[in-house]
Structures are given as structure tokens and as C-alpha cells.
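Structure, as C-alpha cells:
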Amino acid sequence: MRYLAVIAFLLLAIASGCASPTSRFYTLSAPSPTGGKASGPSVAVGPVALPTVVDRPQIVVQTGANEVRLDEFNRWASPLPEDITRVIAANLAQELATERVWPYGQSTQTATDYQVRIDIQKFESTLGNGVVIEALWTVRRVADDTSRSGRSLVREATVGGDFDALVAAHSRALARVSGEIAVAIRAP
């Protein structure tokens with residue numbers, strides 16, 4: 001009997017050691033809709049371009065000055081360019097107090113007042129430290145085909161050392177980038 005108990009224990013130990021880690025999926029967070037005006041400016045956000053190194057399902061973490069790690073078990077729930085577009089659109093809707101903001105190409109609207117194009121130059125993540133987002137963006141007023149361009153460089157510390165804190169820091173950083181874009185849209 002004792003022999004069978006030892007074998008059962010060893011089999012259980014082996015089986016639990018072979019269990020694969022559970023994957024976790026993340027999305028960037030956007031503010032809740034605040035019921036903006038239907039008469040505010042209409043804005044199409046996108047396209048958003050990303051560096052190839054981070055444009056993948058895995059969350060990419062900086063591990064050194066010249067080294068990154070693709071985390072196979074901590075992933076983006078949707079393609080990162082789409083998630084960034086969604087969050088910036090929601091942030092702009094709140095900043096501009098309008099409900100007429102949507103991701104480019106995902107609306108039945110044929111004309112907009114503004115189009116915002118974003119080229120993310122850096123989207124760095126360091127666990128337990130913070131994030132860096134560097135974005136070049138252009139706001140084009142469709143009516144007269146004039147543009148304003150800008151560059152946002154945002155560093156945001158994490159509040160914790162896990163992936164939840166890392167993704168939350170990216171969401172806060174994108175809110176700051178959105179604020180700078182909103183200033184350009186409101187400018188005369």
C-alpha cells in the first residue's frame with residue numbers, strides 16, 4: 001500500500017511539473033464614454049504604424065540596452081495597432097467632448113473634419129520600471145487640406161512590477177499623447 005502511495009505521489013509531482021503556464025491576455029484601457037456632443041468635430045484616427053519588434057501578439061519587454069524578451073504567456077488580446085487606435089480615439093472623444101471620433105476605416109462616415117495619423121517610433125516596456133512611447137503624429141484638417149504635425153515623447157512609471165502595471169502605464173502614456181493631439185485639433 002505504501003509503495004502505491006509513493007508512486008501516486010511521484011506521478012502527481014511529475015504531472016504538475018509538466019503543466020504549462022497559463023496565458024494571460026491584455027488590452028489597453030480607455031476612458032468610459034462621457035456622452036460628448038453630436039455636434040463636435042468629427043475625427044478619424046489612424047492608421048497607426050508600429051515598430052516591427054513590438055507589432056506582434058506577445059508583449060515585448062526590454063531586458064537590457066540592446067536586448068528584448070518576447071513573453072509567450074503575456075500577450076495582447078488584439079493586434080496592438082488596432083488597440084492603440086481604439087484607445088486614442090476614445091481619449092480624443094473625451095478630450096474634445098464629442099462622440100464623433102472613430103478608428104479610421106471602421107465607420108460608415110464618408111467625410112470627417114480631421115484625420116489623425118500616428119507613427120509610433122518607440123513602444124518600450126520595462127517590467128517594474130516604466131514605459132516609453134515616442135510618437136510622430138499628423139492632424140489633417142480635411143476641409144482645407146492643412147496639417148499640423150507633432151512629436152510626443154512620454155515616459156510613464158509603472159505602479160508595480162507585473163504586466164498589469166505595465167499595460168496600465170502604457171494606457172496612461174497614450175492618454176498623454178492623445179492630449180497633445182487634442183491641443184493640435186483645437187488650435188485655430
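Labels for the C-alpha cells follow display order: chains A, B, ..., residues from 1 in each chain, ligands from 1.
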Run DSSP on the backbone and grab whatever in chain A lands in helix (DSSP H, G or I); send it over as a PDB file with N, CA, C and O atoms, in the first residue's frame.
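Below is the file that was written, selection-v6.pdb:
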ATOM      1  N   ARG A   2       1.884   1.223   0.873  1.00  0.00           N
ATOM      2  CA  ARG A   2       2.782   2.366   0.956  1.00  0.00           C
ATOM      3  C   ARG A   2       3.496   2.575  -0.381  1.00  0.00           C
ATOM      4  O   ARG A   2       3.716   3.701  -0.805  1.00  0.00           O
ATOM      5  N   TYR A   3       3.846   1.512  -1.056  1.00  0.00           N
ATOM      6  CA  TYR A   3       4.504   1.552  -2.346  1.00  0.00           C
ATOM      7  C   TYR A   3       3.620   2.268  -3.376  1.00  0.00           C
ATOM      8  O   TYR A   3       4.086   3.110  -4.137  1.00  0.00           O
ATOM      9  N   LEU A   4       2.335   1.972  -3.400  1.00  0.00           N
ATOM     10  CA  LEU A   4       1.400   2.621  -4.325  1.00  0.00           C
ATOM     11  C   LEU A   4       1.244   4.110  -4.005  1.00  0.00           C
ATOM     12  O   LEU A   4       1.124   4.926  -4.912  1.00  0.00           O
ATOM     13  N   ALA A   5       1.255   4.474  -2.755  1.00  0.00           N
ATOM     14  CA  ALA A   5       1.143   5.879  -2.364  1.00  0.00           C
ATOM     15  C   ALA A   5       2.353   6.673  -2.839  1.00  0.00           C
ATOM     16  O   ALA A   5       2.235   7.804  -3.313  1.00  0.00           O
ATOM     17  N   VAL A   6       3.534   6.095  -2.745  1.00  0.00           N
ATOM     18  CA  VAL A   6       4.758   6.764  -3.203  1.00  0.00           C
ATOM     19  C   VAL A   6       4.715   6.940  -4.718  1.00  0.00           C
ATOM     20  O   VAL A   6       5.048   8.003  -5.243  1.00  0.00           O
ATOM     21  N   ILE A   7       4.286   5.923  -5.445  1.00  0.00           N
ATOM     22  CA  ILE A   7       4.188   6.004  -6.906  1.00  0.00           C
ATOM     23  C   ILE A   7       3.156   7.064  -7.302  1.00  0.00           C
ATOM     24  O   ILE A   7       3.405   7.878  -8.201  1.00  0.00           O
ATOM     25  N   ALA A   8       2.025   7.071  -6.632  1.00  0.00           N
ATOM     26  CA  ALA A   8       0.984   8.077  -6.924  1.00  0.00           C
ATOM     27  C   ALA A   8       1.518   9.487  -6.667  1.00  0.00           C
ATOM     28  O   ALA A   8       1.290  10.418  -7.447  1.00  0.00           O
ATOM     29  N   PHE A   9       2.236   9.662  -5.586  1.00  0.00           N
ATOM     30  CA  PHE A   9       2.808  10.978  -5.269  1.00  0.00           C
ATOM     31  C   PHE A   9       3.817  11.405  -6.335  1.00  0.00           C
ATOM     32  O   PHE A   9       3.817  12.554  -6.786  1.00  0.00           O
ATOM     33  N   LEU A  10       4.672  10.498  -6.754  1.00  0.00           N
ATOM     34  CA  LEU A  10       5.665  10.814  -7.789  1.00  0.00           C
ATOM     35  C   LEU A  10       4.996  11.154  -9.114  1.00  0.00           C
ATOM     36  O   LEU A  10       5.405  12.098  -9.805  1.00  0.00           O
ATOM     37  N   LEU A  11       3.970  10.419  -9.492  1.00  0.00           N
ATOM     38  CA  LEU A  11       3.242  10.719 -10.730  1.00  0.00           C
ATOM     39  C   LEU A  11       2.574  12.088 -10.660  1.00  0.00           C
ATOM     40  O   LEU A  11       2.584  12.844 -11.631  1.00  0.00           O
ATOM     41  N   LEU A  12       2.008  12.392  -9.521  1.00  0.00           N
ATOM     42  CA  LEU A  12       1.382  13.707  -9.335  1.00  0.00           C
ATOM     43  C   LEU A  12       2.421  14.819  -9.415  1.00  0.00           C
ATOM     44  O   LEU A  12       2.193  15.853 -10.041  1.00  0.00           O
ATOM     45  N   ALA A  13       3.569  14.617  -8.808  1.00  0.00           N
ATOM     46  CA  ALA A  13       4.638  15.626  -8.845  1.00  0.00           C
ATOM     47  C   ALA A  13       5.134  15.834 -10.275  1.00  0.00           C
ATOM     48  O   ALA A  13       5.357  16.964 -10.708  1.00  0.00           O
ATOM     49  N   ILE A  14       5.287  14.752 -11.009  1.00  0.00           N
ATOM     50  CA  ILE A  14       5.749  14.852 -12.402  1.00  0.00           C
ATOM     51  C   ILE A  14       4.700  15.564 -13.251  1.00  0.00           C
ATOM     52  O   ILE A  14       5.009  16.449 -14.048  1.00  0.00           O
ATOM     53  N   ALA A  15       3.450  15.189 -13.070  1.00  0.00           N
ATOM     54  CA  ALA A  15       2.372  15.801 -13.856  1.00  0.00           C
ATOM     55  C   ALA A  15       2.245  17.290 -13.569  1.00  0.00           C
ATOM     56  O   ALA A  15       2.048  18.103 -14.471  1.00  0.00           O
ATOM     57  N   SER A  16       2.370  17.686 -12.316  1.00  0.00           N
ATOM     58  CA  SER A  16       2.236  19.114 -12.006  1.00  0.00           C
ATOM     59  C   SER A  16       3.442  19.898 -12.495  1.00  0.00           C
ATOM     60  O   SER A  16       3.326  21.066 -12.839  1.00  0.00           O
ATOM     61  N   GLY A  17       4.601  19.258 -12.553  1.00  0.00           N
ATOM     62  CA  GLY A  17       5.789  19.930 -13.069  1.00  0.00           C
ATOM     63  C   GLY A  17       5.738  20.126 -14.563  1.00  0.00           C
ATOM     64  O   GLY A  17       6.382  21.008 -15.118  1.00  0.00           O
ATOM     65  N   CYS A  18       4.962  19.313 -15.255  1.00  0.00           N
ATOM     66  CA  CYS A  18       4.857  19.397 -16.710  1.00  0.00           C
ATOM     67  C   CYS A  18       3.717  20.305 -17.169  1.00  0.00           C
ATOM     68  O   CYS A  18       3.554  20.536 -18.352  1.00  0.00           O
ATOM     69  N   LEU A  80      -1.964  45.049 -31.697  1.00  0.00           N
ATOM     70  CA  LEU A  80      -1.604  46.266 -30.973  1.00  0.00           C
ATOM     71  C   LEU A  80      -1.937  47.554 -31.731  1.00  0.00           C
ATOM     72  O   LEU A  80      -2.445  48.497 -31.120  1.00  0.00           O
ATOM     73  N   PRO A  81      -1.718  47.647 -33.051  1.00  0.00           N
ATOM     74  CA  PRO A  81      -2.098  48.886 -33.744  1.00  0.00           C
ATOM     75  C   PRO A  81      -3.602  49.184 -33.618  1.00  0.00           C
ATOM     76  O   PRO A  81      -3.996  50.337 -33.441  1.00  0.00           O
ATOM     77  N   GLU A  82      -4.439  48.147 -33.672  1.00  0.00           N
ATOM     78  CA  GLU A  82      -5.886  48.350 -33.517  1.00  0.00           C
ATOM     79  C   GLU A  82      -6.234  48.806 -32.107  1.00  0.00           C
ATOM     80  O   GLU A  82      -7.095  49.659 -31.914  1.00  0.00           O
ATOM     81  N   ASP A  83      -5.571  48.227 -31.108  1.00  0.00           N
ATOM     82  CA  ASP A  83      -5.847  48.593 -29.718  1.00  0.00           C
ATOM     83  C   ASP A  83      -5.408  50.034 -29.449  1.00  0.00           C
ATOM     84  O   ASP A  83      -6.124  50.796 -28.793  1.00  0.00           O
ATOM     85  N   ILE A  84      -4.257  50.430 -29.965  1.00  0.00           N
ATOM     86  CA  ILE A  84      -3.784  51.807 -29.798  1.00  0.00           C
ATOM     87  C   ILE A  84      -4.752  52.775 -30.476  1.00  0.00           C
ATOM     88  O   ILE A  84      -5.107  53.812 -29.907  1.00  0.00           O
ATOM     89  N   THR A  85      -5.197  52.437 -31.671  1.00  0.00           N
ATOM     90  CA  THR A  85      -6.152  53.284 -32.391  1.00  0.00           C
ATOM     91  C   THR A  85      -7.431  53.455 -31.581  1.00  0.00           C
ATOM     92  O   THR A  85      -7.948  54.565 -31.429  1.00  0.00           O
ATOM     93  N   ARG A  86      -7.958  52.356 -31.050  1.00  0.00           N
ATOM     94  CA  ARG A  86      -9.190  52.393 -30.252  1.00  0.00           C
ATOM     95  C   ARG A  86      -9.044  53.296 -29.030  1.00  0.00           C
ATOM     96  O   ARG A  86      -9.903  54.131 -28.731  1.00  0.00           O
ATOM     97  N   VAL A  87      -7.910  53.161 -28.342  1.00  0.00           N
ATOM     98  CA  VAL A  87      -7.691  53.936 -27.120  1.00  0.00           C
ATOM     99  C   VAL A  87      -7.494  55.413 -27.435  1.00  0.00           C
ATOM    100  O   VAL A  87      -8.053  56.276 -26.752  1.00  0.00           O
ATOM    101  N   ILE A  88      -6.728  55.738 -28.453  1.00  0.00           N
ATOM    102  CA  ILE A  88      -6.532  57.146 -28.805  1.00  0.00           C
ATOM    103  C   ILE A  88      -7.853  57.754 -29.263  1.00  0.00           C
ATOM    104  O   ILE A  88      -8.168  58.895 -28.904  1.00  0.00           O
ATOM    105  N   ALA A  89      -8.654  57.025 -30.011  1.00  0.00           N
ATOM    106  CA  ALA A  89      -9.969  57.533 -30.429  1.00  0.00           C
ATOM    107  C   ALA A  89     -10.840  57.830 -29.202  1.00  0.00           C
ATOM    108  O   ALA A  89     -11.478  58.891 -29.120  1.00  0.00           O
ATOM    109  N   ALA A  90     -10.864  56.928 -28.237  1.00  0.00           N
ATOM    110  CA  ALA A  90     -11.659  57.147 -27.020  1.00  0.00           C
ATOM    111  C   ALA A  90     -11.124  58.324 -26.216  1.00  0.00           C
ATOM    112  O   ALA A  90     -11.899  59.142 -25.695  1.00  0.00           O
ATOM    113  N   ASN A  91      -9.804  58.431 -26.122  1.00  0.00           N
ATOM    114  CA  ASN A  91      -9.203  59.562 -25.400  1.00  0.00           C
ATOM    115  C   ASN A  91      -9.552  60.885 -26.079  1.00  0.00           C
ATOM    116  O   ASN A  91      -9.885  61.875 -25.405  1.00  0.00           O
ATOM    117  N   LEU A  92      -9.465  60.920 -27.415  1.00  0.00           N
ATOM    118  CA  LEU A  92      -9.784  62.156 -28.140  1.00  0.00           C
ATOM    119  C   LEU A  92     -11.259  62.517 -27.998  1.00  0.00           C
ATOM    120  O   LEU A  92     -11.599  63.701 -27.882  1.00  0.00           O
ATOM    121  N   ALA A  93     -12.131  61.528 -28.011  1.00  0.00           N
ATOM    122  CA  ALA A  93     -13.560  61.800 -27.828  1.00  0.00           C
ATOM    123  C   ALA A  93     -13.789  62.492 -26.491  1.00  0.00           C
ATOM    124  O   ALA A  93     -14.566  63.450 -26.392  1.00  0.00           O
ATOM    125  N   GLN A  94     -13.085  62.037 -25.459  1.00  0.00           N
ATOM    126  CA  GLN A  94     -13.222  62.655 -24.143  1.00  0.00           C
ATOM    127  C   GLN A  94     -12.575  64.044 -24.128  1.00  0.00           C
ATOM    128  O   GLN A  94     -13.167  65.001 -23.621  1.00  0.00           O
ATOM    129  N   GLU A  95     -11.388  64.169 -24.664  1.00  0.00           N
ATOM    130  CA  GLU A  95     -10.666  65.455 -24.671  1.00  0.00           C
ATOM    131  C   GLU A  95     -11.434  66.527 -25.443  1.00  0.00           C
ATOM    132  O   GLU A  95     -11.445  67.685 -25.055  1.00  0.00           O
ATOM    133  N   LEU A  96     -12.048  66.134 -26.562  1.00  0.00           N
ATOM    134  CA  LEU A  96     -12.740  67.090 -27.430  1.00  0.00           C
ATOM    135  C   LEU A  96     -14.233  67.193 -27.123  1.00  0.00           C
ATOM    136  O   LEU A  96     -14.935  67.970 -27.775  1.00  0.00           O
ATOM    137  N   PHE A 163       2.707  42.609 -15.274  1.00  0.00           N
ATOM    138  CA  PHE A 163       2.226  43.016 -16.595  1.00  0.00           C
ATOM    139  C   PHE A 163       0.989  43.910 -16.505  1.00  0.00           C
ATOM    140  O   PHE A 163       0.790  44.763 -17.355  1.00  0.00           O
ATOM    141  N   ASP A 164       0.159  43.717 -15.484  1.00  0.00           N
ATOM    142  CA  ASP A 164      -0.993  44.611 -15.297  1.00  0.00           C
ATOM    143  C   ASP A 164      -0.517  46.056 -15.157  1.00  0.00           C
ATOM    144  O   ASP A 164      -1.062  46.967 -15.778  1.00  0.00           O
ATOM    145  N   ALA A 165       0.503  46.265 -14.344  1.00  0.00           N
ATOM    146  CA  ALA A 165       1.046  47.606 -14.125  1.00  0.00           C
ATOM    147  C   ALA A 165       1.678  48.159 -15.394  1.00  0.00           C
ATOM    148  O   ALA A 165       1.565  49.351 -15.695  1.00  0.00           O
ATOM    149  N   LEU A 166       2.323  47.296 -16.154  1.00  0.00           N
ATOM    150  CA  LEU A 166       2.964  47.706 -17.398  1.00  0.00           C
ATOM    151  C   LEU A 166       1.929  48.181 -18.416  1.00  0.00           C
ATOM    152  O   LEU A 166       2.082  49.246 -19.028  1.00  0.00           O
ATOM    153  N   VAL A 167       0.867  47.414 -18.597  1.00  0.00           N
ATOM    154  CA  VAL A 167      -0.181  47.778 -19.555  1.00  0.00           C
ATOM    155  C   VAL A 167      -0.905  49.044 -19.098  1.00  0.00           C
ATOM    156  O   VAL A 167      -1.216  49.919 -19.910  1.00  0.00           O
ATOM    157  N   ALA A 168      -1.139  49.181 -17.798  1.00  0.00           N
ATOM    158  CA  ALA A 168      -1.774  50.402 -17.272  1.00  0.00           C
ATOM    159  C   ALA A 168      -0.902  51.626 -17.543  1.00  0.00           C
ATOM    160  O   ALA A 168      -1.409  52.697 -17.886  1.00  0.00           O
ATOM    161  N   ALA A 169       0.419  51.481 -17.418  1.00  0.00           N
ATOM    162  CA  ALA A 169       1.335  52.597 -17.710  1.00  0.00           C
ATOM    163  C   ALA A 169       1.264  52.977 -19.184  1.00  0.00           C
ATOM    164  O   ALA A 169       1.282  54.164 -19.537  1.00  0.00           O
ATOM    165  N   HIS A 170       1.164  51.991 -20.070  1.00  0.00           N
ATOM    166  CA  HIS A 170       1.015  52.291 -21.495  1.00  0.00           C
ATOM    167  C   HIS A 170      -0.295  53.035 -21.755  1.00  0.00           C
ATOM    168  O   HIS A 170      -0.334  53.966 -22.562  1.00  0.00           O
ATOM    169  N   SER A 171      -1.354  52.651 -21.075  1.00  0.00           N
ATOM    170  CA  SER A 171      -2.646  53.332 -21.244  1.00  0.00           C
ATOM    171  C   SER A 171      -2.540  54.792 -20.802  1.00  0.00           C
ATOM    172  O   SER A 171      -3.042  55.690 -21.494  1.00  0.00           O
ATOM    173  N   ARG A 172      -1.882  55.041 -19.678  1.00  0.00           N
ATOM    174  CA  ARG A 172      -1.704  56.424 -19.201  1.00  0.00           C
ATOM    175  C   ARG A 172      -0.831  57.226 -20.165  1.00  0.00           C
ATOM    176  O   ARG A 172      -1.093  58.404 -20.440  1.00  0.00           O
ATOM    177  N   ALA A 173       0.203  56.589 -20.702  1.00  0.00           N
ATOM    178  CA  ALA A 173       1.086  57.276 -21.656  1.00  0.00           C
ATOM    179  C   ALA A 173       0.317  57.640 -22.930  1.00  0.00           C
ATOM    180  O   ALA A 173       0.471  58.754 -23.459  1.00  0.00           O
ATOM    181  N   LEU A 174      -0.516  56.741 -23.414  1.00  0.00           N
ATOM    182  CA  LEU A 174      -1.315  57.042 -24.616  1.00  0.00           C
ATOM    183  C   LEU A 174      -2.320  58.156 -24.342  1.00  0.00           C
ATOM    184  O   LEU A 174      -2.623  58.948 -25.240  1.00  0.00           O
ATOM    185  N   ALA A 175      -2.826  58.259 -23.121  1.00  0.00           N
ATOM    186  CA  ALA A 175      -3.726  59.363 -22.771  1.00  0.00           C
ATOM    187  C   ALA A 175      -2.981  60.695 -22.878  1.00  0.00           C
ATOM    188  O   ALA A 175      -3.547  61.692 -23.348  1.00  0.00           O
ATOM    189  N   ARG A 176      -1.728  60.719 -22.477  1.00  0.00           N
ATOM    190  CA  ARG A 176      -0.937  61.957 -22.582  1.00  0.00           C
ATOM    191  C   ARG A 176      -0.649  62.306 -24.042  1.00  0.00           C
ATOM    192  O   ARG A 176      -0.723  63.479 -24.432  1.00  0.00           O
ATOM    193  N   VAL A 177      -0.345  61.298 -24.865  1.00  0.00           N
ATOM    194  CA  VAL A 177      -0.144  61.539 -26.299  1.00  0.00           C
ATOM    195  C   VAL A 177      -1.437  62.090 -26.900  1.00  0.00           C
ATOM    196  O   VAL A 177      -1.427  63.063 -27.668  1.00  0.00           O
ATOM    197  N   SER A 178      -2.569  61.494 -26.539  1.00  0.00           N
ATOM    198  CA  SER A 178      -3.871  61.950 -27.039  1.00  0.00           C
ATOM    199  C   SER A 178      -4.141  63.393 -26.655  1.00  0.00           C
ATOM    200  O   SER A 178      -4.698  64.163 -27.455  1.00  0.00           O
ATOM    201  N   GLY A 179      -3.748  63.779 -25.440  1.00  0.00           N
ATOM    202  CA  GLY A 179      -3.937  65.158 -25.007  1.00  0.00           C
ATOM    203  C   GLY A 179      -3.183  66.137 -25.882  1.00  0.00           C
ATOM    204  O   GLY A 179      -3.681  67.216 -26.220  1.00  0.00           O
ATOM    205  N   GLU A 180      -1.971  65.776 -26.287  1.00  0.00           N
ATOM    206  CA  GLU A 180      -1.179  66.640 -27.160  1.00  0.00           C
ATOM    207  C   GLU A 180      -1.808  66.727 -28.552  1.00  0.00           C
ATOM    208  O   GLU A 180      -1.805  67.799 -29.166  1.00  0.00           O
ATOM    209  N   ILE A 181      -2.361  65.631 -29.028  1.00  0.00           N
ATOM    210  CA  ILE A 181      -3.044  65.636 -30.330  1.00  0.00           C
ATOM    211  C   ILE A 181      -4.301  66.495 -30.255  1.00  0.00           C
ATOM    212  O   ILE A 181      -4.597  67.271 -31.178  1.00  0.00           O
ATOM    213  N   ALA A 182      -5.028  66.414 -29.155  1.00  0.00           N
ATOM    214  CA  ALA A 182      -6.247  67.213 -28.993  1.00  0.00           C
ATOM    215  C   ALA A 182      -5.948  68.708 -29.017  1.00  0.00           C
ATOM    216  O   ALA A 182      -6.712  69.484 -29.581  1.00  0.00           O
ATOM    217  N   VAL A 183      -4.819  69.107 -28.440  1.00  0.00           N
ATOM    218  CA  VAL A 183      -4.421  70.515 -28.479  1.00  0.00           C
ATOM    219  C   VAL A 183      -4.256  70.966 -29.933  1.00  0.00           C
ATOM    220  O   VAL A 183      -4.686  72.051 -30.310  1.00  0.00           O
ATOM    221  N   ALA A 184      -3.649  70.127 -30.765  1.00  0.00           N
ATOM    222  CA  ALA A 184      -3.451  70.475 -32.180  1.00  0.00           C
ATOM    223  C   ALA A 184      -4.777  70.555 -32.915  1.00  0.00           C
ATOM    224  O   ALA A 184      -4.961  71.404 -33.784  1.00  0.00           O
ATOM    225  N   ILE A 185      -5.719  69.700 -32.564  1.00  0.00           N
ATOM    226  CA  ILE A 185      -7.034  69.744 -33.221  1.00  0.00           C
ATOM    227  C   ILE A 185      -7.775  71.015 -32.838  1.00  0.00           C
ATOM    228  O   ILE A 185      -8.422  71.659 -33.670  1.00  0.00           O
ATOM    229  N   ARG A 186      -7.691  71.421 -31.571  1.00  0.00           N
ATOM    230  CA  ARG A 186      -8.403  72.618 -31.094  1.00  0.00           C
ATOM    231  C   ARG A 186      -7.749  73.909 -31.555  1.00  0.00           C
ATOM    232  O   ARG A 186      -8.392  74.966 -31.547  1.00  0.00           O
TER     233      ARG A 186
END
(request) Determine the nearest neighbour of Ala49 (chain A) from the options A:Ala30, A:Ala65, A:Ala97, A:Val116, counting only C-alpha atoms. (result)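 Among the listed residues, the smallest separation from Ala49 (chain A) belongs to A:Val116.
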Nearby residues (only C-alpha atoms) at most 12 Å from Arg151 (chain A), same-chain spacing under 3 positions excluded, as a PDB file with N, CA and C atoms, in the first residue's frame:
ATOM      1  N   ARG A 117      -3.066  60.737 -38.101  1.00  0.00           N
ATOM      2  CA  ARG A 117      -2.181  59.616 -38.426  1.00  0.00           C
ATOM      3  C   ARG A 117      -1.067  59.584 -37.397  1.00  0.00           C
ATOM      4  N   ILE A 118      -0.716  58.378 -36.989  1.00  0.00           N
ATOM      5  CA  ILE A 118       0.251  58.235 -35.900  1.00  0.00           C
ATOM      6  C   ILE A 118       1.309  57.216 -36.286  1.00  0.00           C
ATOM      7  N   ASP A 119       2.560  57.600 -36.105  1.00  0.00           N
ATOM      8  CA  ASP A 119       3.690  56.705 -36.341  1.00  0.00           C
ATOM      9  C   ASP A 119       4.415  56.541 -35.006  1.00  0.00           C
ATOM     10  N   ILE A 120       4.209  55.412 -34.363  1.00  0.00           N
ATOM     11  CA  ILE A 120       4.865  55.135 -33.082  1.00  0.00           C
ATOM     12  C   ILE A 120       6.314  54.760 -33.381  1.00  0.00           C
ATOM     13  N   GLN A 121       7.240  55.549 -32.885  1.00  0.00           N
ATOM     14  CA  GLN A 121       8.660  55.291 -33.078  1.00  0.00           C
ATOM     15  C   GLN A 121       9.212  54.366 -31.996  1.00  0.00           C
ATOM     16  N   LYS A 122       8.723  54.540 -30.749  1.00  0.00           N
ATOM     17  CA  LYS A 122       9.138  53.696 -29.619  1.00  0.00           C
ATOM     18  C   LYS A 122       7.903  53.288 -28.848  1.00  0.00           C
ATOM     19  N   ILE A 133       6.852  55.917 -24.758  1.00  0.00           N
ATOM     20  CA  ILE A 133       6.191  55.992 -26.055  1.00  0.00           C
ATOM     21  C   ILE A 133       6.678  57.253 -26.743  1.00  0.00           C
ATOM     22  N   GLU A 134       7.206  57.078 -27.940  1.00  0.00           N
ATOM     23  CA  GLU A 134       7.565  58.214 -28.792  1.00  0.00           C
ATOM     24  C   GLU A 134       6.713  58.097 -30.039  1.00  0.00           C
ATOM     25  N   ALA A 135       5.950  59.150 -30.313  1.00  0.00           N
ATOM     26  CA  ALA A 135       5.027  59.113 -31.445  1.00  0.00           C
ATOM     27  C   ALA A 135       5.165  60.368 -32.284  1.00  0.00           C
ATOM     28  N   LEU A 136       5.223  60.175 -33.584  1.00  0.00           N
ATOM     29  CA  LEU A 136       5.112  61.274 -34.536  1.00  0.00           C
ATOM     30  C   LEU A 136       3.678  61.235 -35.021  1.00  0.00           C
ATOM     31  N   TRP A 137       3.006  62.368 -35.055  1.00  0.00           N
ATOM     32  CA  TRP A 137       1.604  62.377 -35.467  1.00  0.00           C
ATOM     33  C   TRP A 137       1.316  63.582 -36.344  1.00  0.00           C
ATOM     34  N   THR A 138       0.297  63.412 -37.163  1.00  0.00           N
ATOM     35  CA  THR A 138      -0.152  64.473 -38.055  1.00  0.00           C
ATOM     36  C   THR A 138      -1.658  64.589 -37.940  1.00  0.00           C
ATOM     37  N   VAL A 139      -2.120  65.817 -37.734  1.00  0.00           N
ATOM     38  CA  VAL A 139      -3.545  66.116 -37.725  1.00  0.00           C
ATOM     39  C   VAL A 139      -3.833  66.873 -39.014  1.00  0.00           C
ATOM     40  N   ARG A 148      -1.085  69.808 -39.221  1.00  0.00           N
ATOM     41  CA  ARG A 148      -0.194  70.132 -38.109  1.00  0.00           C
ATOM     42  C   ARG A 148       0.457  68.830 -37.695  1.00  0.00           C
ATOM     43  N   VAL A 154       6.758  60.403 -24.242  1.00  0.00           N
ATOM     44  CA  VAL A 154       6.145  60.234 -22.926  1.00  0.00           C
ATOM     45  C   VAL A 154       6.806  59.075 -22.200  1.00  0.00           C
ATOM     46  N   ARG A 176      -1.728  60.719 -22.477  1.00  0.00           N
ATOM     47  CA  ARG A 176      -0.937  61.957 -22.582  1.00  0.00           C
ATOM     48  C   ARG A 176      -0.649  62.306 -24.042  1.00  0.00           C
ATOM     49  N   VAL A 177      -0.345  61.298 -24.865  1.00  0.00           N
ATOM     50  CA  VAL A 177      -0.144  61.539 -26.299  1.00  0.00           C
ATOM     51  C   VAL A 177      -1.437  62.090 -26.900  1.00  0.00           C
ATOM     52  N   SER A 178      -2.569  61.494 -26.539  1.00  0.00           N
ATOM     53  CA  SER A 178      -3.871  61.950 -27.039  1.00  0.00           C
ATOM     54  C   SER A 178      -4.141  63.393 -26.655  1.00  0.00           C
ATOM     55  N   GLU A 180      -1.971  65.776 -26.287  1.00  0.00           N
ATOM     56  CA  GLU A 180      -1.179  66.640 -27.160  1.00  0.00           C
ATOM     57  C   GLU A 180      -1.808  66.727 -28.552  1.00  0.00           C
ATOM     58  N   ILE A 181      -2.361  65.631 -29.028  1.00  0.00           N
ATOM     59  CA  ILE A 181      -3.044  65.636 -30.330  1.00  0.00           C
ATOM     60  C   ILE A 181      -4.301  66.495 -30.255  1.00  0.00           C
ATOM     61  N   ALA A 184      -3.649  70.127 -30.765  1.00  0.00           N
ATOM     62  CA  ALA A 184      -3.451  70.475 -32.180  1.00  0.00           C
ATOM     63  C   ALA A 184      -4.777  70.555 -32.915  1.00  0.00           C
TER      64      ALA A 184
END
(request) For Gly64 (chain A), work out the shell of residues within 12 Å, counting only C-alpha atoms and skipping chain neighbours fewer than 3 positions away, then give it as a PyMOL selection string. (result) chain A and resi 61+67-69+124-127
(message) If we count only C-alpha atoms and set the cut-off at 7 Å, which residues sit around Arg75 (chain A), ignoring sequence neighbours fewer than 3 positions away in its own chain? Please answer as a PyMOL selection string.
(response) chain A and resi 24-26+57-59+72
